[in-house]
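Chemist: protein_21.csv is the file, holding CSV, C-alpha atoms:
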```csv
chain,number,residue,atom,x,y,z
A,29,MET,CA,87.0,44.9,141.8
A,30,ASP,CA,89.4,46.7,139.6
A,31,ALA,CA,89.2,47.2,135.8
A,32,LYS,CA,90.5,43.7,135.2
A,33,GLY,CA,87.9,42.1,137.5
A,34,ARG,CA,90.3,41.4,140.4
A,35,SER,CA,89.0,41.8,143.9
A,36,ARG,CA,91.0,43.1,146.8
A,37,TRP,CA,91.4,39.5,148.0
A,38,THR,CA,93.2,38.5,144.7
A,39,ARG,CA,95.2,41.7,144.1
A,40,GLY,CA,98.7,42.1,145.6
A,41,ARG,CA,99.8,38.5,145.5
A,42,ILE,CA,103.5,39.5,145.0
A,43,LEU,CA,103.2,41.8,148.0
A,44,ALA,CA,101.7,39.1,150.1
A,45,THR,CA,104.5,36.7,149.0
A,46,LEU,CA,107.1,39.2,150.1
A,47,ALA,CA,105.4,39.6,153.4
A,48,VAL,CA,105.4,35.9,154.0
A,49,LEU,CA,109.1,35.7,152.9
A,50,THR,CA,110.0,38.5,155.4
A,51,ALA,CA,108.2,36.6,158.2
A,52,ALA,CA,110.0,33.4,157.2
A,53,LEU,CA,113.4,35.1,157.3
A,54,LEU,CA,112.7,36.5,160.7
A,55,ALA,CA,111.3,33.3,162.2
A,56,PHE,CA,113.7,30.9,160.6
A,57,HIS,CA,116.8,32.9,160.1
A,58,SER,CA,118.9,30.1,161.6
A,59,ALA,CA,117.9,28.0,158.6
A,60,VAL,CA,119.6,30.3,156.2
A,61,PRO,CA,122.8,28.4,155.3
A,62,ASN,CA,126.2,29.8,156.4
A,63,THR,CA,128.3,27.4,154.3
A,64,VAL,CA,128.8,29.8,151.3
A,65,GLY,CA,129.4,33.4,151.9
A,66,ARG,CA,128.2,33.2,155.5
A,67,PHE,CA,124.9,34.8,154.4
A,68,GLY,CA,123.2,33.4,157.5
A,69,SER,CA,125.5,35.5,159.8
A,70,LEU,CA,125.1,38.5,157.5
A,71,LEU,CA,121.3,38.3,157.8
A,72,GLU,CA,121.5,37.9,161.6
A,73,THR,CA,123.8,40.9,162.0
A,74,PHE,CA,121.1,43.2,160.7
A,75,LEU,CA,118.1,41.1,161.6
A,76,PRO,CA,116.1,43.7,163.5
A,77,TRP,CA,116.2,46.0,160.5
A,78,LEU,CA,114.3,43.5,158.4
A,79,GLY,CA,111.3,44.9,160.2
A,80,LEU,CA,111.6,48.0,157.9
A,81,ALA,CA,110.1,45.9,155.2
A,82,VAL,CA,106.8,46.1,157.0
A,83,PRO,CA,106.0,49.8,156.6
A,84,LEU,CA,107.2,49.7,153.0
A,85,LEU,CA,105.0,46.7,152.2
A,86,LEU,CA,102.1,48.3,154.1
A,87,THR,CA,102.3,51.5,152.0
A,88,LEU,CA,102.4,49.5,148.8
A,89,ALA,CA,99.5,47.3,150.0
A,90,LEU,CA,97.4,50.4,150.8
A,91,LEU,CA,98.2,51.9,147.4
A,92,ARG,CA,97.3,48.6,145.8
A,93,ARG,CA,94.2,48.3,147.9
A,94,SER,CA,95.1,44.7,148.6
A,95,ALA,CA,93.4,43.0,151.5
A,96,LEU,CA,95.4,39.9,150.9
A,97,ALA,CA,98.7,41.7,151.4
A,98,LEU,CA,97.4,43.5,154.5
A,99,VAL,CA,96.5,40.2,156.1
A,100,ALA,CA,99.8,38.7,155.1
A,101,LEU,CA,101.6,41.5,156.8
A,102,LEU,CA,100.4,40.3,160.1
A,103,LEU,CA,102.9,37.5,159.9
A,104,PRO,CA,106.1,39.6,159.8
A,105,VAL,CA,104.6,42.0,162.4
A,106,ALA,CA,104.1,39.0,164.7
A,107,ALA,CA,107.5,37.5,164.0
A,108,TRP,CA,109.3,40.8,164.7
A,109,GLY,CA,107.3,41.4,167.8
A,110,ILE,CA,108.1,38.0,169.2
A,111,LEU,CA,111.9,38.4,168.5
A,112,PHE,CA,112.4,42.0,169.3
A,113,GLY,CA,109.3,43.5,170.9
A,114,GLY,CA,110.8,43.2,174.4
A,115,ARG,CA,114.0,44.9,173.5
A,116,SER,CA,112.3,47.9,172.1
A,117,THR,CA,110.2,48.5,175.2
A,118,ALA,CA,112.8,47.7,177.9
A,119,GLY,CA,113.3,50.3,180.6
A,120,ASP,CA,115.1,50.6,183.9
A,121,GLY,CA,116.1,47.2,185.0
A,122,GLY,CA,115.8,48.0,188.7
A,123,ALA,CA,118.1,47.2,191.5
A,124,HIS,CA,121.7,46.1,190.7
A,125,ASP,CA,125.0,45.4,192.4
A,126,LEU,CA,127.6,46.5,189.9
A,127,THR,CA,127.9,48.5,186.7
A,128,ALA,CA,130.3,47.8,183.9
A,129,VAL,CA,131.3,49.8,180.9
A,130,GLN,CA,132.7,48.4,177.6
A,131,HIS,CA,134.2,50.5,175.0
A,132,ASN,CA,136.3,50.1,171.8
A,133,VAL,CA,138.1,53.5,172.2
A,134,SER,CA,139.6,53.4,168.6
A,135,ASP,CA,143.3,53.3,168.0
A,136,VAL,CA,143.1,56.7,166.3
A,137,ASN,CA,141.2,58.4,169.1
A,138,ALA,CA,142.6,62.0,169.4
A,139,ASP,CA,141.4,62.5,172.9
A,140,PRO,CA,142.1,59.5,175.1
A,141,ALA,CA,142.0,61.6,178.3
A,142,GLY,CA,138.6,63.0,177.5
A,143,THR,CA,137.3,59.6,176.6
A,144,ALA,CA,138.5,58.2,179.9
A,145,ARG,CA,136.8,61.1,181.8
A,146,ALA,CA,133.5,60.5,179.9
A,147,LEU,CA,133.6,56.8,180.8
A,148,SER,CA,134.3,57.3,184.5
A,149,ALA,CA,131.6,59.9,184.7
A,150,ALA,CA,129.1,57.1,184.3
A,151,GLY,CA,130.3,55.8,187.7
A,152,PRO,CA,130.9,52.1,186.7
A,153,ASP,CA,132.8,49.6,188.9
A,154,LEU,CA,134.6,48.1,185.8
A,155,ILE,CA,135.8,49.7,182.6
A,156,ALA,CA,137.0,47.6,179.7
A,157,LEU,CA,138.8,49.1,176.8
A,158,GLU,CA,139.9,47.8,173.4
A,159,GLU,CA,142.2,49.2,170.7
A,160,LEU,CA,144.5,50.6,173.4
A,161,THR,CA,147.8,51.8,171.9
A,162,PRO,CA,151.1,52.2,173.7
A,163,ALA,CA,151.0,55.9,173.0
A,164,ALA,CA,147.5,56.4,174.4
A,165,LEU,CA,147.8,54.0,177.4
A,166,PRO,CA,149.5,56.6,179.8
A,167,ALA,CA,146.7,59.1,179.2
A,168,TYR,CA,144.0,56.5,180.1
A,169,GLU,CA,146.1,55.5,183.2
A,170,ALA,CA,146.5,59.1,184.4
A,171,SER,CA,142.8,59.9,183.9
A,172,LEU,CA,141.4,56.7,185.5
A,173,ARG,CA,143.9,56.1,188.3
A,174,ALA,CA,142.2,58.1,191.0
A,175,ARG,CA,138.8,56.3,190.8
A,176,TYR,CA,140.1,53.0,189.4
A,177,PRO,CA,143.3,52.1,191.3
A,178,TYR,CA,143.4,48.5,189.9
A,179,ARG,CA,144.4,48.0,186.3
A,180,ALA,CA,145.2,45.1,184.0
A,181,ALA,CA,146.4,45.3,180.4
A,182,ARG,CA,147.5,42.8,177.8
A,183,GLY,CA,148.2,43.7,174.3
A,184,THR,CA,145.5,46.1,173.0
A,185,VAL,CA,142.9,45.4,175.7
A,186,GLY,CA,142.7,46.7,179.2
A,187,LEU,CA,140.6,46.6,182.4
A,188,TRP,CA,140.2,49.3,185.1
A,189,SER,CA,138.5,48.4,188.4
A,190,LYS,CA,137.4,49.8,191.7
A,191,HIS,CA,137.9,46.3,193.1
A,192,PRO,CA,141.2,44.5,193.5
A,193,LEU,CA,142.4,42.5,190.5
A,194,THR,CA,144.4,39.3,190.9
A,195,GLU,CA,145.5,36.4,188.7
A,196,VAL,CA,145.8,38.6,185.6
A,197,GLY,CA,146.7,36.8,182.4
A,198,ALA,CA,146.3,36.8,178.7
A,199,VAL,CA,143.6,34.8,176.9
A,200,ASP,CA,144.8,33.4,173.6
A,201,ILE,CA,142.1,33.9,171.1
A,202,ARG,CA,144.4,34.2,168.0
A,203,PRO,CA,143.0,32.6,164.8
A,204,GLU,CA,145.3,30.3,162.9
A,205,GLY,CA,148.0,32.2,161.1
A,206,ILE,CA,148.1,35.3,163.3
A,207,GLY,CA,151.4,36.2,164.9
A,208,GLU,CA,152.1,35.9,168.6
A,209,ASP,CA,152.2,39.7,169.0
A,210,TRP,CA,148.4,39.8,168.4
A,211,ASN,CA,147.0,39.9,171.9
A,212,ARG,CA,143.3,40.8,172.3
A,213,GLY,CA,142.2,38.9,175.3
A,214,LEU,CA,142.8,39.0,179.0
A,215,ARG,CA,141.3,37.5,182.2
A,216,ALA,CA,141.5,38.9,185.7
A,217,GLN,CA,139.9,37.9,189.0
A,218,ALA,CA,138.0,40.8,190.7
A,219,ARG,CA,137.5,40.6,194.5
A,220,THR,CA,134.1,42.2,194.9
A,221,PRO,CA,131.7,42.4,197.9
A,222,TRP,CA,129.7,39.7,196.1
A,223,GLY,CA,132.6,37.2,195.8
A,224,ASP,CA,135.4,36.6,193.3
A,225,VAL,CA,134.4,37.3,189.7
A,226,ALA,CA,136.3,36.2,186.6
A,227,VAL,CA,136.4,39.2,184.3
A,228,TYR,CA,137.2,38.7,180.7
A,229,VAL,CA,138.0,41.4,178.1
A,230,ALA,CA,138.1,40.4,174.5
A,231,HIS,CA,138.3,42.0,171.1
A,232,LEU,CA,137.4,39.5,168.3
A,233,PRO,CA,138.7,40.0,164.7
A,234,SER,CA,136.8,42.4,162.4
A,235,VAL,CA,134.3,41.2,159.8
A,236,ARG,CA,133.7,42.6,156.3
A,237,VAL,CA,130.8,42.7,153.9
A,238,GLN,CA,132.3,41.8,150.5
A,239,TRP,CA,131.0,41.0,147.1
A,240,HIS,CA,131.2,37.3,147.8
A,241,GLY,CA,129.5,37.4,151.1
A,242,PHE,CA,130.3,38.0,154.8
A,243,SER,CA,134.0,37.6,155.8
A,244,SER,CA,133.8,36.4,159.3
A,245,ALA,CA,135.9,33.2,159.4
A,246,ARG,CA,138.6,34.6,161.7
A,247,ARG,CA,136.0,36.2,164.0
A,248,ASP,CA,134.2,32.8,164.2
A,249,GLU,CA,137.4,31.0,165.0
A,250,SER,CA,138.3,33.5,167.7
A,251,ALA,CA,134.8,33.2,169.2
A,252,GLY,CA,135.4,29.4,169.4
A,253,LEU,CA,138.6,29.9,171.3
A,254,LEU,CA,137.0,32.4,173.7
A,255,GLY,CA,134.1,30.0,174.2
A,256,ALA,CA,136.5,27.2,175.1
A,257,ALA,CA,138.2,29.5,177.7
A,258,LEU,CA,134.8,30.4,179.2
A,259,GLU,CA,133.9,26.7,179.3
A,260,ALA,CA,137.0,25.9,181.3
A,261,GLU,CA,136.6,28.8,183.7
A,262,GLN,CA,136.5,27.5,187.3
A,263,LEU,CA,134.9,30.5,189.0
A,264,GLU,CA,131.1,30.5,189.1
A,265,LYS,CA,130.7,34.2,188.5
A,266,VAL,CA,131.9,35.5,185.1
A,267,ILE,CA,131.6,38.8,183.4
A,268,LEU,CA,132.7,39.2,179.7
A,269,LEU,CA,133.3,42.7,178.3
A,270,GLY,CA,134.3,43.0,174.7
A,271,ASP,CA,134.0,44.2,171.1
A,272,LEU,CA,132.9,40.8,169.7
A,273,ASN,CA,132.3,42.2,166.1
A,274,GLY,CA,128.9,40.5,166.0
A,275,THR,CA,125.4,40.7,167.4
A,276,VAL,CA,123.7,38.3,169.8
A,277,ASP,CA,121.6,37.0,166.9
A,278,ASP,CA,124.7,36.1,164.8
A,279,ARG,CA,125.3,32.4,165.1
A,280,GLY,CA,129.1,33.0,164.7
A,281,LEU,CA,129.0,34.0,168.4
A,282,ASP,CA,127.2,30.9,169.5
A,283,PRO,CA,130.4,29.5,171.3
A,284,VAL,CA,130.3,32.5,173.5
A,285,ARG,CA,126.6,33.3,173.7
A,286,THR,CA,125.5,29.8,174.7
A,287,ARG,CA,127.9,29.8,177.7
A,288,LEU,CA,126.8,33.2,179.1
A,289,ASP,CA,123.7,35.3,179.5
A,290,SER,CA,123.6,37.2,176.2
A,291,THR,CA,121.4,39.9,177.5
A,292,GLY,CA,118.9,39.1,174.8
A,293,ARG,CA,116.0,40.6,176.8
A,294,ASP,CA,117.4,44.1,177.0
A,295,ASN,CA,116.9,47.0,174.6
A,296,PHE,CA,118.8,47.3,171.4
A,297,ALA,CA,121.6,49.7,172.5
A,298,PHE,CA,123.1,49.8,169.1
A,299,SER,CA,126.8,50.8,169.5
A,300,TRP,CA,128.3,50.9,166.0
A,301,PRO,CA,129.0,53.0,164.0
A,302,THR,CA,128.8,56.2,166.1
A,303,THR,CA,127.4,58.3,163.2
A,304,PHE,CA,124.4,56.1,162.7
A,305,PRO,CA,124.4,53.0,165.0
A,306,VAL,CA,122.8,50.0,163.2
A,307,SER,CA,124.0,47.1,165.5
A,308,ARG,CA,125.4,46.3,168.9
A,309,ILE,CA,128.7,44.5,168.5
A,310,ASP,CA,129.9,45.6,171.9
A,311,HIS,CA,128.7,43.3,174.6
A,312,ILE,CA,128.6,42.8,178.4
A,313,MET,CA,127.6,39.2,179.2
A,314,THR,CA,127.5,37.3,182.4
A,315,ARG,CA,127.3,33.9,184.1
A,316,ALA,CA,125.8,33.4,187.6
A,317,ALA,CA,124.6,37.0,187.4
A,318,ARG,CA,122.0,38.9,185.4
A,319,VAL,CA,122.3,42.0,183.3
A,320,THR,CA,119.3,44.0,184.4
A,321,GLN,CA,119.8,46.9,181.9
A,322,VAL,CA,122.1,47.8,179.1
A,323,ARG,CA,122.4,51.2,177.4
A,324,THR,CA,124.8,53.3,175.3
A,325,LEU,CA,126.7,56.3,176.6
A,326,PRO,CA,127.4,59.5,174.8
A,327,SER,CA,129.9,59.4,171.9
A,328,THR,CA,133.6,59.9,172.5
A,329,GLY,CA,136.5,60.1,170.0
A,330,SER,CA,135.7,56.6,168.8
A,331,ASP,CA,133.7,55.1,166.0
A,332,HIS,CA,131.9,52.9,168.6
A,333,LEU,CA,129.6,54.1,171.3
A,334,PRO,CA,130.4,53.0,174.9
A,335,VAL,CA,128.0,50.4,176.3
A,336,ALA,CA,127.1,50.3,180.0
A,337,ALA,CA,125.3,47.5,181.8
A,338,ASP,CA,123.9,47.1,185.3
A,339,ILE,CA,124.6,43.6,186.8
A,340,ARG,CA,122.9,41.8,189.7
A,341,PHE,CA,124.4,38.7,191.3
A,342,GLY,CA,122.5,36.0,193.0
A,343,PRO,CA,119.3,34.2,192.0
```
Show this structure as structure tokens.
Modeler:
Amino acid sequence: MDAKGRSRWTRGRILATLAVLTAALLAFHSAVPNTVGRFGSLLETFLPWLGLAVPLLLTLALLRRSALALVALLLPVAAWGILFGGRSTAGDGGAHDLTAVQHNVSDVNADPAGTARALSAAGPDLIALEELTPAALPAYEASLRARYPYRAARGTVGLWSKHPLTEVGAVDIRPEGIGEDWNRGLRAQARTPWGDVAVYVAHLPSVRVQWHGFSSARRDESAGLLGAALEAEQLEKVILLGDLNGTVDDRGLDPVRTRLDSTGRDNFAFSWPTTFPVSRIDHIMTRAARVTQVRTLPSTGSDHLPVAADIRFGP
């Protein structure tokens, strides 16, 4: 007991309460309302980092010599482990049929040719790029042409492929009020040894953290339009590559994530920002296929890291 007669089982009630609250936010994050300020999406964007509360509370509980707080900490540890434990320990996914790379190359990238060479060095079958500018496009074409003879581009997104591409077209994911010159979606049909695959490349609108909350309305609207296009897709096999400006835990991406394999069992592979990656907003998702491993590649001249995924078709 301490000088005030409190035992280690009654000390640290505030710490124990904070531990229970952390566990509740992890386990029931979808219950946090998104109606005002979209705070639910904001929480889900950085949800894995909520686990940092555990070592902080652990240190305070030890200093406080509170058995109550130490026991309460088992709750957030268990919740985090259930949600993210598999991602933190994922390794080589094993055999795969195809590799794809997704990269927001940045519209202020000073070395597009070097970026293209770095991406092709990973040996993927498909390379999807966002924030392509008319000035940089020739450099990407020249650097990728030899290994990727098939190319499709619409607006500021592009796709390079080792396999023939047909039926190339734009996918309209413009939020209401955006002009017709805003084009960030395309679809192409890739003829692969495993059959025809519908390949989508998309760049959803950016989000902002502001004083009044999380500004994601346009991103969410664009995600709904992309989800509708995926729902209407006639081909069985689908690959989506894109900067979706949200994580797989963010409910704003539900229209997309619920229609595809969101690679929720892979490792974190945080892709943004390059200087200190805190979230993966660059995604490679599939239907009638399985992403066996996802990983980031070395940094280029962009504020995003490239993301590579191994994909296996079939059961």
Chemist: Which is closest to Pro140 (chain A) among A:Tyr228, A:Tyr168, A:Phe67, A:Trp77, if we use all atoms listed in the file?
Modeler: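 The shortest atom-to-atom distance to Pro140 (chain A) comes from A:Tyr168.
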Chemist: May I ask which of the residues A:Asp139, A:Asp271, A:Asp224, A:Asp277 is the closest one to Leu111 (chain A), counting all atoms listed in the file?
Modeler: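 When distances to Leu111 (chain A) are compared using all atoms listed in the file, the smallest one comes from A:Asp277.
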Chemist: Record the distance separating CA of Ser244 (chain A) and CA of Thr328 (chain A), expressed in Å with one decimal.
Modeler: 27.0 Å
Chemist: By how many Å are CA of Ala106 (chain A) and CA of Ala47 (chain A) apart?
Modeler: 11.4 Å
Chemist: Between A:Gly205, A:Gly255, A:Gly109, A:Pro177, which has the minimum distance to Leu193 (chain A) (counting only C-alpha atoms)?
Modeler: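 Between A:Gly205, A:Gly255, A:Gly109, A:Pro177, the residue approaching Leu193 (chain A) most closely is A:Pro177.
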Chemist: Given all atoms listed in the file as the basis, pick out the residue of A:Gly274, A:Gly186, A:Gly223, A:Gly252 nearest to Glu204 (chain A).
Modeler: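 Looking at the shortest contact to Glu204 (chain A), the residue is A:Gly252.
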Chemist: CA of Ala260 (chain A) and CA of Glu72 (chain A) are how many Å apart?
Modeler: 27.8 Å
Chemist: Please return, as a list in words, all polymer residues that have at least one atom within 7 Å of the point (129.2, 42.2, 167.1); use only C-alpha atoms and the file's own coordinate frame.
Modeler: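 Residues found, by chain and rising number: Asp271, Leu272, Asn273, Gly274, Thr275, Arg308, Ile309 and Asp310 of chain A.
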Chemist: Taking 3 positions as the minimum chain separation for residues in the same chain, which residues sit within 10 Å of Trp222 (chain A) when counting all atoms listed in the file? Answer as a list in words.
Modeler: Asp125, Leu126, Ala218, Arg219, Val225, Lys265, Arg340, Phe341 and Gly342 of chain A
Chemist: Show me, as a PyMOL selection string, the residues that have an atom within 10 Å of Asp153 (chain A) when counting all atoms listed in the file, minus same-chain residues fewer than 6 positions from it.
Modeler: chain A and resi 125-129+175-176+188-191+220+338
Chemist: Pick the closest to Glu261 (chain A) from A:Arg145, A:Arg285, A:Arg115, A:Arg315: which is it, counting all atoms listed in the file?
Modeler: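 Using all atoms listed in the file, Glu261 (chain A) sits closest to A:Arg315.
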Chemist: For Val319 (chain A), which residue out of A:Ala107, A:Leu154, A:Leu96, A:Ala123 is the nearest one, using all atoms listed in the file?
Modeler: A:Ala123
Chemist: Around (97.9, 40.9, 155.4), as given in the file, which residues come within 10 Å? Count only C-alpha atoms and list them as an MDAnalysis selection string.
Modeler: chainID A and resid 37 40 43:44 47:48 85:86 89 94:105
